[in-house]
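target26.txt (compact mmCIF, C-alpha atoms)
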# COMPACT_ATOMS: atom_id res chain seq x y z
CA LYS I 1 0.00 0.00 0.00
CA LEU I 2 2.79 2.39 0.81
CA ARG I 3 4.53 1.70 -2.51
CA GLU I 4 1.31 2.50 -4.39
CA GLU I 5 1.00 5.76 -2.47
CA ILE I 6 4.63 6.65 -3.19
CA ASP I 7 4.28 6.02 -6.93
CA LYS I 8 1.03 7.98 -7.02
CA ASP I 9 2.62 10.94 -5.27
CA ARG I 10 5.66 10.88 -7.55
CA GLU I 11 3.38 10.75 -10.61
CA GLU I 12 1.50 13.82 -9.39
CA HIS I 13 4.84 15.63 -9.25
CA ASP I 14 5.91 14.44 -12.73
CA LYS I 15 8.45 12.04 -11.23
CA LYS I 16 9.14 8.56 -12.54
CA PRO I 17 8.04 5.63 -10.35
CA LEU I 18 10.73 4.13 -8.15
CA LYS I 19 12.55 1.19 -9.67
CA ASP I 20 12.41 -2.17 -7.94
CA LYS I 21 15.68 -2.99 -6.25
CA ASP I 22 17.69 -5.66 -8.01
CA ASP I 23 19.56 -8.06 -5.73
CA ASN I 24 22.30 -8.31 -8.35
CA ASP I 25 22.76 -4.56 -8.47
CA LYS I 26 25.50 -3.64 -6.02
CA THR I 27 24.36 -0.03 -5.92
CA SER I 28 20.94 -1.05 -4.57
CA THR I 29 22.18 -3.52 -1.95
CA PRO I 30 21.32 -2.18 1.51
CA PRO I 31 24.24 -1.65 3.88
CA GLN I 32 25.08 -4.50 6.20
CA LYS I 33 24.09 -4.05 9.82
CA GLU I 34 25.98 -5.65 12.68
CA ILE I 35 23.69 -7.30 15.24
CA THR I 36 24.83 -8.49 18.65
CA VAL I 37 23.48 -11.99 19.35
CA SER I 38 23.30 -13.75 22.71
CA THR I 39 25.38 -16.92 22.96
CA THR I 40 22.96 -18.52 25.45
CA ASP I 41 19.64 -17.40 23.93
CA PRO I 42 19.99 -16.38 20.25
CA GLU I 43 16.23 -15.80 19.92
CA SER I 44 16.34 -12.89 22.38
CA GLY I 45 17.26 -9.34 21.31
CA LEU I 46 19.47 -6.61 22.73
CA PHE I 47 17.19 -4.22 24.60
CA HIS I 48 18.20 -0.62 25.21
CA LYS I 49 15.56 1.97 25.95
CA GLY I 50 15.98 5.28 27.70
CA GLU I 51 17.88 4.86 30.94
CA HIS I 52 17.46 1.10 31.10
CA LYS I 53 20.60 -0.98 31.16
CA VAL I 54 21.46 -2.86 27.99
CA VAL I 55 20.34 -6.51 28.30
CA PHE I 56 19.22 -9.40 26.14
CA ALA I 57 15.46 -9.52 26.56
CA TYR I 58 12.00 -10.11 25.11
CA CYS I 59 9.26 -7.49 24.75
CA ALA I 60 5.60 -8.26 25.31
CA ASN I 61 3.24 -5.95 23.42
CA THR I 62 0.22 -6.40 25.65
CA ALA I 63 -3.45 -5.43 25.33
CA CYS I 64 -5.98 -5.25 28.16
CA ASP I 65 -9.60 -4.17 28.38
CA ALA I 66 -11.07 -1.34 30.44
CA SER I 67 -11.26 -3.64 33.48
CA ASN I 68 -7.54 -4.51 33.46
CA TYR I 69 -7.98 -8.05 32.13
CA VAL I 70 -5.20 -9.01 29.72
CA VAL I 71 -6.87 -10.07 26.47
CA ASP I 72 -3.85 -10.77 24.25
CA PHE I 73 -0.16 -10.10 23.76
CA SER I 74 2.57 -10.47 21.18
CA LEU I 75 6.05 -11.56 22.28
CA VAL I 76 9.07 -10.44 20.23
CA PRO I 77 12.84 -10.17 20.74
CA GLY I 78 13.94 -7.09 22.65
CA ASN I 79 15.46 -5.40 19.59
CA ILE I 80 12.13 -5.31 17.71
CA ASN I 81 10.29 -2.00 17.81
CA ASP I 82 6.78 -1.98 19.33
CA SER I 83 5.24 -0.56 16.16
CA THR I 84 6.74 -3.39 14.07
CA SER I 85 4.96 -6.10 16.05
CA PHE I 86 1.67 -4.21 16.24
CA ASP I 87 0.05 -5.65 13.11
CA ASP I 88 -0.21 -9.27 14.30
CA LEU I 89 -1.61 -8.26 17.69
CA TYR I 90 -4.09 -5.81 16.16
CA THR I 91 -5.32 -8.37 13.64
CA ARG I 92 -6.10 -10.85 16.41
CA LEU I 93 -7.79 -8.18 18.53
CA LYS I 94 -10.16 -6.93 15.82
CA ASN I 95 -11.02 -10.53 14.84
CA SER I 96 -11.78 -11.46 18.46
CA PHE I 97 -13.57 -8.28 19.53
CA SER I 98 -16.01 -6.96 16.96
CA GLU I 99 -16.99 -4.14 19.34
CA LEU I 100 -13.42 -2.77 19.40
CA LYS I 101 -13.64 0.94 18.58
CA THR I 102 -10.84 2.70 20.46
CA ILE I 103 -7.22 1.80 21.15
CA VAL I 104 -5.21 3.71 23.73
CA ALA I 105 -1.46 3.30 23.28
CA ASP I 106 1.81 5.04 24.08
CA ALA I 107 3.73 7.23 21.65
CA GLY I 108 5.73 4.30 20.27
CA TYR I 109 2.67 3.23 18.27
CA LYS I 110 2.04 6.66 16.71
CA THR I 111 3.43 5.83 13.28
CA PRO I 112 1.91 6.80 9.91
CA TRP I 113 1.08 3.17 9.03
CA ILE I 114 -0.63 2.38 12.35
CA CYS I 115 -2.59 5.65 12.29
CA LYS I 116 -3.75 4.98 8.72
CA GLN I 117 -4.64 1.36 9.44
CA LEU I 118 -6.84 2.19 12.43
CA ILE I 119 -8.56 5.19 10.86
CA ASP I 120 -9.30 3.26 7.66
CA ASP I 121 -10.84 0.53 9.84
CA GLY I 122 -13.08 3.13 11.48
CA LYS I 123 -11.28 3.01 14.83
CA GLU I 124 -9.73 5.64 17.09
CA LEU I 125 -6.15 5.78 18.30
CA ILE I 126 -5.61 7.71 21.52
CA THR I 127 -1.96 8.39 22.20
CA THR I 128 0.24 10.99 23.82
CA TYR I 129 2.76 13.71 23.12
CA THR I 130 5.88 12.73 21.19
CA LYS I 131 9.06 14.33 22.47
CA PRO I 132 10.71 16.22 19.58
CA LYS I 133 14.06 14.96 18.33
CA GLY I 134 17.07 16.99 17.30
CA ASN I 135 19.59 19.31 18.87
CA LYS I 136 18.56 21.65 21.65
CA GLY I 137 18.24 25.24 20.52
CA MET I 138 17.36 24.30 16.94
CA PHE I 139 13.95 24.65 15.31
CA ARG I 140 11.61 21.69 15.85
CA PRO I 141 9.57 19.98 13.11
CA LYS I 142 6.43 21.74 14.38
CA ASP I 143 8.06 25.08 13.54
CA PHE I 144 7.86 24.20 9.83
CA VAL I 145 4.33 24.41 8.44
CA TYR I 146 3.24 22.18 5.58
CA ASP I 147 0.99 24.03 3.12
CA GLU I 148 -1.00 21.19 1.59
CA TYR I 149 -2.73 23.41 -0.97
CA ASN I 150 0.51 24.70 -2.51
CA ASP I 151 2.45 21.55 -1.59
CA TRP I 152 5.39 23.26 0.02
CA VAL I 153 6.77 23.83 3.51
CA ILE I 154 7.02 27.27 5.11
CA CYS I 155 9.96 27.86 7.43
CA PRO I 156 9.92 30.10 10.57
CA ASN I 157 11.28 32.96 8.42
CA ASN I 158 8.22 32.62 6.15
CA VAL I 159 10.20 31.23 3.20
CA GLU I 160 8.97 28.31 1.07
CA LEU I 161 10.82 25.00 0.85
CA LYS I 162 10.04 23.45 -2.54
CA TYR I 163 9.19 19.81 -3.22
CA SER I 164 12.17 17.73 -4.32
CA THR I 165 11.18 14.05 -4.36
CA THR I 166 9.33 11.25 -2.58
CA ASN I 167 11.71 8.61 -1.21
CA ARG I 168 11.33 4.87 -0.65
CA GLU I 169 10.33 5.41 2.98
CA GLY I 170 7.24 7.29 1.82
CA ARG I 171 8.52 10.71 2.84
CA LYS I 172 8.09 13.78 0.68
CA VAL I 173 11.35 15.73 0.68
CA PHE I 174 11.29 19.53 0.65
CA LYS I 175 14.45 21.58 0.20
CA SER I 176 15.21 25.25 0.70
CA ASN I 177 17.13 27.51 -1.67
CA PRO I 178 20.73 27.77 -0.33
CA GLN I 179 21.13 31.24 -1.84
CA VAL I 180 18.21 32.44 0.29
CA CYS I 181 19.27 30.59 3.44
CA VAL I 182 22.86 31.85 3.44
CA GLY I 183 21.72 35.34 4.45
CA CYS I 184 18.90 34.24 6.76
CA PRO I 185 19.19 35.65 10.32
CA MET I 186 17.69 32.39 11.68
CA ARG I 187 20.07 30.04 9.85
CA ALA I 188 21.99 29.08 13.02
CA GLN I 189 18.74 27.79 14.57
CA CYS I 190 17.61 26.09 11.37
CA THR I 191 20.43 24.11 9.79
CA ALA I 192 24.10 23.29 10.29
CA SER I 193 24.58 21.97 6.75
CA LYS I 194 27.67 23.11 4.87
CA ASN I 195 25.67 24.03 1.76
CA ASN I 196 23.24 26.23 3.76
CA GLN I 197 20.23 24.12 2.77
CA LYS I 198 17.38 23.01 5.00
CA ILE I 199 15.66 19.69 4.25
CA VAL I 200 12.25 18.80 5.68
CA GLU I 201 10.49 15.46 5.22
CA ILE I 202 6.71 14.95 5.39
CA HIS I 203 5.22 11.46 5.21
CA VAL I 204 2.61 10.80 2.52
CA TRP I 205 0.28 9.62 5.30
CA HIS I 206 0.93 12.62 7.52
CA ASN I 207 -2.78 13.56 7.48
CA TYR I 208 -3.61 10.37 9.42
CA VAL I 209 -1.08 11.28 12.09
CA GLU I 210 -2.60 14.77 12.26
CA GLN I 211 -6.04 13.26 12.90
CA VAL I 212 -4.63 11.23 15.78
CA GLU I 213 -2.89 14.35 17.14
CA GLU I 214 -6.16 16.30 17.09
CA LEU I 215 -7.94 13.50 18.94
CA ARG I 216 -5.52 13.57 21.87
CA TYR I 217 -6.38 17.22 22.57
CA THR I 218 -10.09 16.49 23.06
CA PRO I 219 -11.47 16.07 26.61
CA ARG I 220 -12.37 12.45 25.81
CA GLY I 221 -8.89 11.76 24.47
CA LYS I 222 -7.25 13.21 27.57
CA GLU I 223 -9.54 11.23 29.86
CA LEU I 224 -8.96 7.91 28.09
CA TYR I 225 -5.20 8.30 27.97
CA HIS I 226 -5.14 9.22 31.66
CA ARG I 227 -6.78 5.86 32.37
CA ARG I 228 -3.73 4.03 31.00
CA GLN I 229 -2.08 4.37 34.40
CA GLU I 230 -5.04 2.54 35.92
CA THR I 231 -5.20 -0.19 33.27
CA ILE I 232 -2.27 -1.42 31.16
CA GLU I 233 0.35 0.39 33.28
CA ARG I 234 -1.11 -1.33 36.34
CA VAL I 235 -0.86 -4.67 34.53
CA PHE I 236 2.83 -4.10 33.85
CA ALA I 237 3.48 -2.91 37.41
CA ASP I 238 1.74 -5.92 39.00
CA GLY I 239 3.45 -8.31 36.61
CA LYS I 240 6.91 -6.99 37.44
CA GLU I 241 6.48 -6.40 41.18
CA LYS I 242 4.22 -9.30 42.17
CA HIS I 243 4.68 -11.98 39.51
CA GLY I 244 8.39 -12.03 38.73
CA MET I 245 8.11 -10.67 35.20
CA ARG I 246 11.19 -8.46 35.35
CA TYR I 247 13.27 -11.49 34.38
CA THR I 248 12.59 -14.90 32.89
CA LEU I 249 14.39 -18.14 33.72
CA TYR I 250 13.43 -19.60 30.35
CA LYS I 251 15.22 -19.41 27.02
CA GLY I 252 13.72 -19.37 23.55
CA LEU I 253 10.75 -17.45 22.18
CA ASN I 254 8.34 -20.40 22.42
CA ARG I 255 9.09 -21.25 26.05
CA VAL I 256 9.01 -17.62 27.19
CA ASN I 257 5.72 -17.15 25.33
CA LYS I 258 4.13 -20.10 27.19
CA TRP I 259 5.52 -18.88 30.52
CA LEU I 260 4.12 -15.39 29.94
CA ARG I 261 0.73 -16.73 28.88
CA LEU I 262 0.44 -18.63 32.17
CA LYS I 263 1.47 -15.49 34.10
CA PHE I 264 -1.22 -13.36 32.49
CA ALA I 265 -3.83 -16.10 32.93
CA ALA I 266 -2.99 -16.29 36.65
CA MET I 267 -3.24 -12.51 36.99
CA ASN I 268 -6.66 -12.54 35.29
CA LEU I 269 -7.93 -15.34 37.53
CA LYS I 270 -6.75 -13.60 40.70
CA LYS I 271 -8.44 -10.38 39.62
CA MET I 272 -11.65 -12.25 38.81
CA ALA I 273 -11.63 -14.02 42.17
CA LEU I 274 -11.15 -10.77 44.08
CA ARG I 275 -13.96 -9.04 42.22
CA MET I 276 -16.34 -11.98 42.67
CA ALA I 277 -15.54 -12.00 46.41
Show me this structure written as structure tokens.
Amino acid sequence: KLREEIDKDREEHDKKPLKDKDDNDKTSTPPQKEITVSTTDPESGLFHKGEHKVVFAYCANTACDASNYVVDFSLVPGNINDSTSFDDLYTRLKNSFSELKTIVADAGYKTPWICKQLIDDGKELITTYTKPKGNKGMFRPKDFVYDEYNDWVICPNNVELKYSTTNREGRKVFKSNPQVCVGCPMRAQCTASKNNQKIVEIHVWHNYVEQVEELRYTPRGKELYHRRQETIERVFADGKEKHGMRYTLYKGLNRVNKWLRLKFAAMNLKKMALRMA
């Protein structure tokens, strides 16, 4: 779907469609990436997030209902991003729960593909603020306004960045005129490039992300996201503090998956027993 959208966008800008990569073409071969593998559990992945120490681990993308009952989860190696493993979990959830209308998730799931997928399915995604990336003291992405009508980006100095191309990642690339930027009084806050050119990328599905952003500002969106600390965050806290889920004694994706399934089942049964009592 993304490739179709990319080719369509390039056609609208009088650009040729992207060529399929040829495995025999050395120029199109992606660069090799070195991956650290555990000698005792090769199926695990190197986990490094925020201030956490670097360890070999597994990540459980977990879903619960409004009453804190765990309904499903997807277990992946620790080096797999949450958004990458979302599709399988979401497919099972929508097939099992026809009444599913709203999903509340953290910022890691706020990607163009996930936003598009949920909105096209007629569902809502409630998420939170995404901390801007980049160097401190420099302009943030929100400081550059995308003018959809004219299809250009306006910088903080009110200068247009013209469309250049649409890349394989589905991002529309806009570039400034170096001759204009070289004399700009805001250049030091805008770009550190040697050719005095600012480049801004906008995803072809950016409008779906904008819809999700607007939803989080509504009173309902704020209320639902606030409830995460009483639902899924409580599940994670109880699992780690009361059920030994900070570490696993098992090796291999299959064995850890079975172990985790029993843990969540026990947590659900305990919660059910307490509520019935």
TODO: For region 100-115 of chain I, work out the shell of residues within 7 Å, counting only C-alpha atoms and skipping chain neighbours fewer than 6 positions away, then give it as a PyMOL selection string.
DONE: chain I and resi 82-83+94+123-130+205-206+208-209+212+225
Using all atoms listed in the file, which residues sit within 10 Å of Phe47 (chain I) once same-chain residues fewer than 6 positions away are excluded, as a PDB file with C-alpha atoms, in the coordinates of the input?
ATOM      1  CA  LYS I  53      20.600  -0.980  31.160  1.00  0.00           C
ATOM      2  CA  VAL I  54      21.460  -2.860  27.990  1.00  0.00           C
ATOM      3  CA  VAL I  55      20.340  -6.510  28.300  1.00  0.00           C
ATOM      4  CA  PHE I  56      19.220  -9.400  26.140  1.00  0.00           C
ATOM      5  CA  ALA I  57      15.460  -9.520  26.560  1.00  0.00           C
ATOM      6  CA  TYR I  58      12.000 -10.110  25.110  1.00  0.00           C
ATOM      7  CA  CYS I  59       9.260  -7.490  24.750  1.00  0.00           C
ATOM      8  CA  PRO I  77      12.840 -10.170  20.740  1.00  0.00           C
ATOM      9  CA  GLY I  78      13.940  -7.090  22.650  1.00  0.00           C
ATOM     10  CA  ASN I  79      15.460  -5.400  19.590  1.00  0.00           C
ATOM     11  CA  ILE I  80      12.130  -5.310  17.710  1.00  0.00           C
ATOM     12  CA  ASN I  81      10.290  -2.000  17.810  1.00  0.00           C
TER      13      ASN I  81
END
Open item on the list: As an exercise, work out the distance from CA of Asn61 (chain I) to CA of Leu75 (chain I) in Å and give it to one decimal place.
Closed with: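 It comes out at 6.4 Å.
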- [ ] Determine, counting only C-alpha atoms, which protein, DNA and RNA residues have an atom within 9 Å of an atom of Asn196 (chain I); residues of the same chain fewer than 4 positions away are not included. Present the result as a PyMOL selection string.
- [x] chain I and resi 176-182+187+191-192
Task: Of the listed residues I:Leu274, I:Lys136, I:Glu201, I:Asp121, that which approaches Thr166 (chain I) most closely, counting all atoms listed in the file - done: I:Glu201
